[in-house]
$ cat entry30.pdb   # PDB, N, CA and C atoms
MODEL        1
ATOM      1  N   GLU E   1     101.848 121.767  49.278
ATOM      2  CA  GLU E   1     101.160 122.822  50.024
ATOM      3  C   GLU E   1     100.588 122.235  51.310
ATOM      4  N   ASP E   2     100.555 123.014  52.304
ATOM      5  CA  ASP E   2     100.072 122.591  53.605
ATOM      6  C   ASP E   2      98.598 122.165  53.525
ATOM      7  N   THR E   3      98.292 121.028  54.117
ATOM      8  CA  THR E   3      96.927 120.486  54.090
ATOM      9  C   THR E   3      95.940 121.443  54.733
ATOM     10  N   GLN E   4      96.337 122.071  55.837
ATOM     11  CA  GLN E   4      95.442 123.009  56.522
ATOM     12  C   GLN E   4      95.056 124.164  55.600
ATOM     13  N   GLN E   5      96.010 124.708  54.871
ATOM     14  CA  GLN E   5      95.719 125.802  53.949
ATOM     15  C   GLN E   5      94.810 125.343  52.818
ATOM     16  N   GLN E   6      94.989 124.115  52.345
ATOM     17  CA  GLN E   6      94.119 123.573  51.307
ATOM     18  C   GLN E   6      92.685 123.441  51.822
ATOM     19  N   ILE E   7      92.542 122.990  53.068
ATOM     20  CA  ILE E   7      91.202 122.853  53.662
ATOM     21  C   ILE E   7      90.547 124.217  53.801
ATOM     22  N   ILE E   8      91.294 125.202  54.266
ATOM     23  CA  ILE E   8      90.755 126.556  54.414
ATOM     24  C   ILE E   8      90.344 127.107  53.057
ATOM     25  N   ARG E   9      91.183 126.930  52.060
ATOM     26  CA  ARG E   9      90.877 127.424  50.714
ATOM     27  C   ARG E   9      89.621 126.740  50.158
ATOM     28  N   GLU E  10      89.542 125.411  50.300
ATOM     29  CA  GLU E  10      88.376 124.681  49.793
ATOM     30  C   GLU E  10      87.109 125.097  50.527
ATOM     31  N   THR E  11      87.202 125.251  51.847
ATOM     32  CA  THR E  11      86.036 125.667  52.639
ATOM     33  C   THR E  11      85.562 127.045  52.198
ATOM     34  N   PHE E  12      86.488 127.984  52.055
ATOM     35  CA  PHE E  12      86.111 129.327  51.603
ATOM     36  C   PHE E  12      85.478 129.274  50.219
ATOM     37  N   HIS E  13      86.050 128.493  49.336
ATOM     38  CA  HIS E  13      85.512 128.373  47.975
ATOM     39  C   HIS E  13      84.082 127.823  48.012
ATOM     40  N   LEU E  14      83.843 126.800  48.816
ATOM     41  CA  LEU E  14      82.506 126.203  48.883
ATOM     42  C   LEU E  14      81.484 127.163  49.484
ATOM     43  N   VAL E  15      81.871 127.864  50.536
ATOM     44  CA  VAL E  15      80.921 128.700  51.273
ATOM     45  C   VAL E  15      80.707 130.055  50.607
ATOM     46  N   SER E  16      81.771 130.688  50.151
ATOM     47  CA  SER E  16      81.657 132.057  49.649
ATOM     48  C   SER E  16      80.920 132.158  48.316
ATOM     49  N   LYS E  17      80.862 131.099  47.565
ATOM     50  CA  LYS E  17      80.203 131.129  46.258
ATOM     51  C   LYS E  17      78.691 130.911  46.349
ATOM     52  N   ARG E  18      78.222 130.603  47.552
ATOM     53  CA  ARG E  18      76.796 130.309  47.697
ATOM     54  C   ARG E  18      75.971 131.584  47.790
ATOM     55  N   ASP E  19      74.762 131.512  47.260
ATOM     56  CA  ASP E  19      73.835 132.627  47.296
ATOM     57  C   ASP E  19      73.333 132.830  48.726
ATOM     58  N   GLU E  20      72.992 134.045  49.077
ATOM     59  CA  GLU E  20      72.495 134.351  50.419
ATOM     60  C   GLU E  20      71.165 133.659  50.724
ATOM     61  N   ASN E  21      70.429 133.273  49.691
ATOM     62  CA  ASN E  21      69.093 132.722  49.878
ATOM     63  C   ASN E  21      69.068 131.208  50.032
ATOM     64  N   VAL E  22      70.205 130.544  50.016
ATOM     65  CA  VAL E  22      70.230 129.084  50.149
ATOM     66  C   VAL E  22      70.500 128.713  51.604
ATOM     67  N   CYS E  23      70.270 127.437  51.930
ATOM     68  CA  CYS E  23      70.460 127.004  53.312
ATOM     69  C   CYS E  23      71.938 127.070  53.702
ATOM     70  N   ASN E  24      72.189 127.039  54.986
ATOM     71  CA  ASN E  24      73.540 127.197  55.505
ATOM     72  C   ASN E  24      74.231 125.868  55.768
ATOM     73  N   PHE E  25      73.790 124.797  55.130
ATOM     74  CA  PHE E  25      74.407 123.484  55.262
ATOM     75  C   PHE E  25      74.877 123.036  53.889
ATOM     76  N   LEU E  26      76.038 122.422  53.829
ATOM     77  CA  LEU E  26      76.464 121.801  52.581
ATOM     78  C   LEU E  26      77.428 120.665  52.896
ATOM     79  N   GLU E  27      77.486 119.715  51.987
ATOM     80  CA  GLU E  27      78.374 118.576  52.187
ATOM     81  C   GLU E  27      79.817 119.018  52.067
ATOM     82  N   GLY E  28      80.672 118.402  52.876
ATOM     83  CA  GLY E  28      82.091 118.720  52.843
ATOM     84  C   GLY E  28      82.716 118.260  51.546
ATOM     85  N   GLY E  29      83.770 118.917  51.146
ATOM     86  CA  GLY E  29      84.489 118.535  49.939
ATOM     87  C   GLY E  29      85.423 117.368  50.198
ATOM     88  N   LEU E  30      86.227 117.057  49.233
ATOM     89  CA  LEU E  30      87.133 115.911  49.330
ATOM     90  C   LEU E  30      88.116 116.049  50.497
ATOM     91  N   LEU E  31      88.693 117.217  50.681
ATOM     92  CA  LEU E  31      89.660 117.409  51.760
ATOM     93  C   LEU E  31      89.015 117.446  53.136
ATOM     94  N   ILE E  32      87.743 117.771  53.172
ATOM     95  CA  ILE E  32      87.052 117.951  54.443
ATOM     96  C   ILE E  32      86.446 116.642  54.941
ATOM     97  N   GLY E  33      86.527 115.605  54.180
ATOM     98  CA  GLY E  33      86.021 114.316  54.633
ATOM     99  C   GLY E  33      84.891 113.777  53.801
ATOM    100  N   GLY E  34      84.569 114.453  52.722
ATOM    101  CA  GLY E  34      83.545 113.960  51.813
ATOM    102  C   GLY E  34      82.141 114.101  52.347
ATOM    103  N   SER E  35      81.276 113.218  51.874
ATOM    104  CA  SER E  35      79.845 113.355  52.152
ATOM    105  C   SER E  35      79.467 113.024  53.593
ATOM    106  N   ASP E  36      80.349 112.385  54.362
ATOM    107  CA  ASP E  36      80.027 112.097  55.764
ATOM    108  C   ASP E  36      80.102 113.351  56.627
ATOM    109  N   ASN E  37      80.850 114.341  56.181
ATOM    110  CA  ASN E  37      80.982 115.589  56.929
ATOM    111  C   ASN E  37      80.202 116.704  56.251
ATOM    112  N   LYS E  38      79.732 117.637  57.070
ATOM    113  CA  LYS E  38      78.983 118.774  56.553
ATOM    114  C   LYS E  38      79.606 120.064  57.054
ATOM    115  N   LEU E  39      79.491 121.093  56.229
ATOM    116  CA  LEU E  39      79.867 122.445  56.633
ATOM    117  C   LEU E  39      78.596 123.173  57.005
ATOM    118  N   ILE E  40      78.586 123.763  58.166
ATOM    119  CA  ILE E  40      77.455 124.556  58.634
ATOM    120  C   ILE E  40      78.017 125.943  58.909
ATOM    121  N   TYR E  41      77.423 126.947  58.299
ATOM    122  CA  TYR E  41      78.036 128.273  58.372
ATOM    123  C   TYR E  41      76.990 129.357  58.523
ATOM    124  N   ARG E  42      77.481 130.509  58.930
ATOM    125  CA  ARG E  42      76.668 131.720  58.990
ATOM    126  C   ARG E  42      77.560 132.862  58.532
ATOM    127  N   HIS E  43      77.011 133.774  57.768
ATOM    128  CA  HIS E  43      77.767 134.883  57.193
ATOM    129  C   HIS E  43      77.294 136.177  57.850
ATOM    130  N   TYR E  44      78.218 136.871  58.545
ATOM    131  CA  TYR E  44      77.953 138.182  59.125
ATOM    132  C   TYR E  44      78.957 139.164  58.538
ATOM    133  N   ALA E  45      78.466 140.264  58.012
ATOM    134  CA  ALA E  45      79.334 141.268  57.390
ATOM    135  C   ALA E  45      80.186 140.566  56.339
ATOM    136  N   THR E  46      81.483 140.604  56.468
ATOM    137  CA  THR E  46      82.343 139.882  55.521
ATOM    138  C   THR E  46      83.015 138.688  56.187
ATOM    139  N   LEU E  47      82.537 138.310  57.370
ATOM    140  CA  LEU E  47      83.120 137.188  58.095
ATOM    141  C   LEU E  47      82.227 135.958  57.970
ATOM    142  N   TYR E  48      82.857 134.812  57.880
ATOM    143  CA  TYR E  48      82.148 133.539  57.840
ATOM    144  C   TYR E  48      82.490 132.758  59.104
ATOM    145  N   PHE E  49      81.471 132.284  59.801
ATOM    146  CA  PHE E  49      81.648 131.407  60.944
ATOM    147  C   PHE E  49      81.267 130.021  60.473
ATOM    148  N   VAL E  50      82.243 129.112  60.389
ATOM    149  CA  VAL E  50      82.049 127.815  59.763
ATOM    150  C   VAL E  50      82.401 126.706  60.745
ATOM    151  N   PHE E  51      81.514 125.722  60.839
ATOM    152  CA  PHE E  51      81.772 124.514  61.605
ATOM    153  C   PHE E  51      81.776 123.345  60.645
ATOM    154  N   CYS E  52      82.709 122.439  60.804
ATOM    155  CA  CYS E  52      82.725 121.190  60.056
ATOM    156  C   CYS E  52      82.360 120.089  61.041
ATOM    157  N   VAL E  53      81.263 119.391  60.774
ATOM    158  CA  VAL E  53      80.770 118.370  61.700
ATOM    159  C   VAL E  53      80.523 117.071  60.955
ATOM    160  N   ASP E  54      80.504 115.979  61.706
ATOM    161  CA  ASP E  54      80.186 114.696  61.078
ATOM    162  C   ASP E  54      78.687 114.448  61.168
ATOM    163  N   SER E  55      78.256 113.319  60.639
ATOM    164  CA  SER E  55      76.822 113.034  60.515
ATOM    165  C   SER E  55      76.128 112.827  61.860
ATOM    166  N   SER E  56      76.878 112.654  62.938
ATOM    167  CA  SER E  56      76.247 112.453  64.249
ATOM    168  C   SER E  56      75.770 113.766  64.876
ATOM    169  N   GLU E  57      76.239 114.894  64.385
ATOM    170  CA  GLU E  57      75.856 116.198  64.938
ATOM    171  C   GLU E  57      74.535 116.681  64.350
ATOM    172  N   SER E  58      73.811 117.431  65.131
ATOM    173  CA  SER E  58      72.561 118.035  64.677
ATOM    174  C   SER E  58      72.873 119.304  63.886
ATOM    175  N   GLU E  59      72.462 119.331  62.627
ATOM    176  CA  GLU E  59      72.719 120.511  61.793
ATOM    177  C   GLU E  59      72.050 121.750  62.373
ATOM    178  N   LEU E  60      70.804 121.605  62.773
ATOM    179  CA  LEU E  60      70.089 122.752  63.332
ATOM    180  C   LEU E  60      70.667 123.178  64.676
ATOM    181  N   GLY E  61      71.141 122.213  65.451
ATOM    182  CA  GLY E  61      71.770 122.545  66.725
ATOM    183  C   GLY E  61      73.021 123.376  66.533
ATOM    184  N   ILE E  62      73.841 123.007  65.553
ATOM    185  CA  ILE E  62      75.060 123.772  65.273
ATOM    186  C   ILE E  62      74.705 125.142  64.719
ATOM    187  N   LEU E  63      73.703 125.216  63.833
ATOM    188  CA  LEU E  63      73.290 126.515  63.297
ATOM    189  C   LEU E  63      72.770 127.411  64.420
ATOM    190  N   ASP E  64      72.028 126.819  65.363
ATOM    191  CA  ASP E  64      71.576 127.586  66.521
ATOM    192  C   ASP E  64      72.756 128.103  67.335
ATOM    193  N   LEU E  65      73.794 127.299  67.435
ATOM    194  CA  LEU E  65      74.987 127.723  68.151
ATOM    195  C   LEU E  65      75.606 128.948  67.486
ATOM    196  N   ILE E  66      75.597 128.977  66.165
ATOM    197  CA  ILE E  66      76.210 130.075  65.421
ATOM    198  C   ILE E  66      75.308 131.308  65.401
ATOM    199  N   GLN E  67      74.053 131.090  65.190
ATOM    200  CA  GLN E  67      73.138 132.209  64.957
ATOM    201  C   GLN E  67      72.989 133.100  66.174
ATOM    202  N   VAL E  68      72.708 134.332  65.901
ATOM    203  CA  VAL E  68      72.496 135.294  66.971
ATOM    204  C   VAL E  68      71.116 135.067  67.564
ATOM    205  N   SER E  69      71.100 134.909  68.864
ATOM    206  CA  SER E  69      69.845 134.691  69.563
ATOM    207  C   SER E  69      69.597 135.882  70.482
ATOM    208  N   LEU E  70      68.410 136.443  70.417
ATOM    209  CA  LEU E  70      68.096 137.598  71.262
ATOM    210  C   LEU E  70      68.062 137.227  72.735
ATOM    211  N   THR E  71      67.864 135.942  73.042
ATOM    212  CA  THR E  71      67.805 135.534  74.440
ATOM    213  C   THR E  71      69.170 135.225  75.014
ATOM    214  N   SER E  72      70.210 135.211  74.169
ATOM    215  CA  SER E  72      71.551 134.884  74.644
ATOM    216  C   SER E  72      72.433 136.123  74.569
ATOM    217  N   ALA E  73      72.918 136.558  75.696
ATOM    218  CA  ALA E  73      73.747 137.761  75.727
ATOM    219  C   ALA E  73      75.038 137.567  74.944
ATOM    220  N   PHE E  74      75.593 136.381  74.980
ATOM    221  CA  PHE E  74      76.840 136.139  74.257
ATOM    222  C   PHE E  74      76.665 136.351  72.774
ATOM    223  N   PHE E  75      75.640 135.730  72.191
ATOM    224  CA  PHE E  75      75.457 135.848  70.754
ATOM    225  C   PHE E  75      75.008 137.243  70.366
ATOM    226  N   CYS E  76      74.255 137.887  71.234
ATOM    227  CA  CYS E  76      73.867 139.269  70.956
ATOM    228  C   CYS E  76      75.116 140.148  70.951
ATOM    229  N   SER E  77      76.008 139.900  71.900
ATOM    230  CA  SER E  77      77.265 140.647  71.942
ATOM    231  C   SER E  77      78.114 140.365  70.713
ATOM    232  N   LEU E  78      78.122 139.110  70.257
ATOM    233  CA  LEU E  78      78.881 138.750  69.064
ATOM    234  C   LEU E  78      78.378 139.531  67.858
ATOM    235  N   GLN E  79      77.063 139.620  67.700
ATOM    236  CA  GLN E  79      76.506 140.368  66.576
ATOM    237  C   GLN E  79      76.897 141.838  66.671
ATOM    238  N   VAL E  80      76.777 142.409  67.847
ATOM    239  CA  VAL E  80      77.140 143.812  68.045
ATOM    240  C   VAL E  80      78.629 144.009  67.764
ATOM    241  N   PHE E  81      79.464 143.068  68.222
ATOM    242  CA  PHE E  81      80.903 143.143  67.992
ATOM    243  C   PHE E  81      81.223 143.134  66.505
ATOM    244  N   VAL E  82      80.625 142.197  65.772
ATOM    245  CA  VAL E  82      80.891 142.101  64.335
ATOM    246  C   VAL E  82      80.379 143.340  63.607
ATOM    247  N   GLU E  83      79.203 143.815  63.975
ATOM    248  CA  GLU E  83      78.672 145.019  63.334
ATOM    249  C   GLU E  83      79.551 146.237  63.640
ATOM    250  N   THR E  84      80.063 146.317  64.857
ATOM    251  CA  THR E  84      80.956 147.413  65.222
ATOM    252  C   THR E  84      82.254 147.337  64.433
ATOM    253  N   LEU E  85      82.816 146.128  64.315
ATOM    254  CA  LEU E  85      84.021 145.960  63.503
ATOM    255  C   LEU E  85      83.767 146.370  62.065
ATOM    256  N   ASP E  86      82.610 146.010  61.561
ATOM    257  CA  ASP E  86      82.277 146.339  60.180
ATOM    258  C   ASP E  86      82.198 147.852  59.983
ATOM    259  N   LYS E  87      81.643 148.560  60.948
ATOM    260  CA  LYS E  87      81.574 150.014  60.849
ATOM    261  C   LYS E  87      82.947 150.653  61.028
ATOM    262  N   CYS E  88      83.718 150.131  61.959
ATOM    263  CA  CYS E  88      85.042 150.683  62.253
ATOM    264  C   CYS E  88      85.995 150.527  61.071
ATOM    265  N   PHE E  89      85.969 149.363  60.449
ATOM    266  CA  PHE E  89      86.903 149.080  59.372
ATOM    267  C   PHE E  89      86.285 149.230  57.990
ATOM    268  N   GLU E  90      85.037 149.646  57.921
ATOM    269  CA  GLU E  90      84.348 149.790  56.641
ATOM    270  C   GLU E  90      84.481 148.513  55.816
ATOM    271  N   ASN E  91      83.640 147.546  56.130
ATOM    272  CA  ASN E  91      83.641 146.248  55.455
ATOM    273  C   ASN E  91      84.808 145.397  55.962
ATOM    274  N   VAL E  92      84.732 145.028  57.235
ATOM    275  CA  VAL E  92      85.806 144.313  57.927
ATOM    276  C   VAL E  92      86.151 143.001  57.222
ATOM    277  N   CYS E  93      87.426 142.668  57.266
ATOM    278  CA  CYS E  93      87.868 141.369  56.760
ATOM    279  C   CYS E  93      88.892 140.797  57.734
ATOM    280  N   GLU E  94      89.284 139.562  57.486
ATOM    281  CA  GLU E  94      90.208 138.878  58.382
ATOM    282  C   GLU E  94      91.534 139.631  58.517
ATOM    283  N   LEU E  95      91.994 140.254  57.446
ATOM    284  CA  LEU E  95      93.264 140.980  57.486
ATOM    285  C   LEU E  95      93.202 142.160  58.441
ATOM    286  N   ASP E  96      92.023 142.799  58.545
ATOM    287  CA  ASP E  96      91.866 143.879  59.509
ATOM    288  C   ASP E  96      92.096 143.367  60.926
ATOM    289  N   LEU E  97      91.574 142.188  61.215
ATOM    290  CA  LEU E  97      91.725 141.615  62.556
ATOM    291  C   LEU E  97      93.171 141.219  62.828
ATOM    292  N   ILE E  98      93.857 140.759  61.807
ATOM    293  CA  ILE E  98      95.238 140.317  61.976
ATOM    294  C   ILE E  98      96.191 141.503  62.114
ATOM    295  N   PHE E  99      96.055 142.485  61.231
ATOM    296  CA  PHE E  99      97.020 143.573  61.163
ATOM    297  C   PHE E  99      96.654 144.776  62.022
ATOM    298  N   HIS E 100      95.462 144.817  62.574
ATOM    299  CA  HIS E 100      95.051 145.949  63.413
ATOM    300  C   HIS E 100      94.487 145.468  64.744
ATOM    301  N   VAL E 101      95.200 144.536  65.365
ATOM    302  CA  VAL E 101      94.761 143.978  66.644
ATOM    303  C   VAL E 101      94.583 145.069  67.680
ATOM    304  N   ASP E 102      95.408 146.077  67.624
ATOM    305  CA  ASP E 102      95.323 147.169  68.592
ATOM    306  C   ASP E 102      93.991 147.912  68.499
ATOM    307  N   LYS E 103      93.387 147.973  67.325
ATOM    308  CA  LYS E 103      92.104 148.648  67.150
ATOM    309  C   LYS E 103      90.924 147.749  67.524
ATOM    310  N   VAL E 104      91.136 146.439  67.408
ATOM    311  CA  VAL E 104      90.061 145.490  67.718
ATOM    312  C   VAL E 104      89.815 145.516  69.209
TER     313      VAL E 104
ENDMDL
END

$ encode --input "entry30.pdb" --output "structure tokens"
Amino acid sequence: EDTQQQIIRETFHLVSKRDENVCNFLEGGLLIGGSDNKLIYRHYATLYFVFCVDSSESELGILDLIQVSLTSAFFCSLQVFVETLDKCFENVCELDLIFHVDKV
């Protein structure tokens, strides 16, 4: 099986099983580089925005990059975009984006 698909599957498995009330950082799995790498993610609607970083990166800095900031028009637009997609597709998922590009 393709290594990239295995990494995507492992990342989804690690991130999607976590409770909403836990922190958004976790150690990478075996395919992702082990304990030296971390997954930093944010969950909006049914979409996950995930970064895999090594120990030299700031976890909070990456989370700030992902999180919606009221002072940043880009991230505010991203939140509005995702919320609009969620309303348009009624619980948007990746397949909606792939198969309905014309509506996006």

$ residues_around --input "entry30.pdb" --residues "E:Leu97" --least-positions-apart "2" --cutoff "12 Å" --atoms "only C-alpha atoms" --output "PyMOL selection string"
chain E and resi 46-47+82+85-86+88-89+91-95+99-104

$ closest_residue --input "entry30.pdb" --among "E:Thr84, E:Ser35, E:Gly28, E:Asp64" --to "E:Cys52" --atoms "only N, CA and C atoms"
E:Gly28

$ atom_distance --input "entry30.pdb" --atom1 "atom N of E:His13" --atom2 "atom N of E:Ala45"
16.5 Å

$ atom_distance --input "entry30.pdb" --atom1 "atom N of E:Leu65" --atom2 "atom CA of E:Lys87"
24.9 Å

$ residues_around --input "entry30.pdb" --residues "E:Phe25" --least-positions-apart "3" --cutoff "7 Å" --atoms "only C-alpha atoms" --output "compact mmCIF listing (two decimals) with N, CA and C atoms, in the frame of the given file"
# COMPACT_ATOMS: atom_id res chain seq x y z
N LYS E 38 79.73 117.64 57.07
CA LYS E 38 78.98 118.77 56.55
C LYS E 38 79.61 120.06 57.05
N LEU E 39 79.49 121.09 56.23
CA LEU E 39 79.87 122.44 56.63
C LEU E 39 78.60 123.17 57.00
N ILE E 40 78.59 123.76 58.17
CA ILE E 40 77.46 124.56 58.63
C ILE E 40 78.02 125.94 58.91
N TYR E 41 77.42 126.95 58.30
CA TYR E 41 78.04 128.27 58.37
C TYR E 41 76.99 129.36 58.52

$ atom_distance --input "entry30.pdb" --atom1 "atom CA of E:Ser55" --atom2 "atom N of E:Asp2"
27.0 Å

$ resolve_selection --input "entry30.pdb" --expression "the PyMOL selection byres (((chain E and resi 32 and name CA) around 12) and name CA)" --output "list in words"
Thr3, Gln4, Gln5, Gln6, Ile7, Ile8, Arg9, Glu10, Thr11, Phe12, Leu14, Leu26, Glu27, Gly28, Gly29, Leu30, Leu31, Gly33, Gly34, Ser35, Asp36, Asn37, Lys38, Leu39, Phe51, Cys52, Val53 and Asp54 of chain E

$ closest_residue --input "entry30.pdb" --among "E:Val50, E:Ile98, E:Phe81, E:Ser16" --to "E:Ile66" --atoms "all atoms listed in the file"
E:Val50
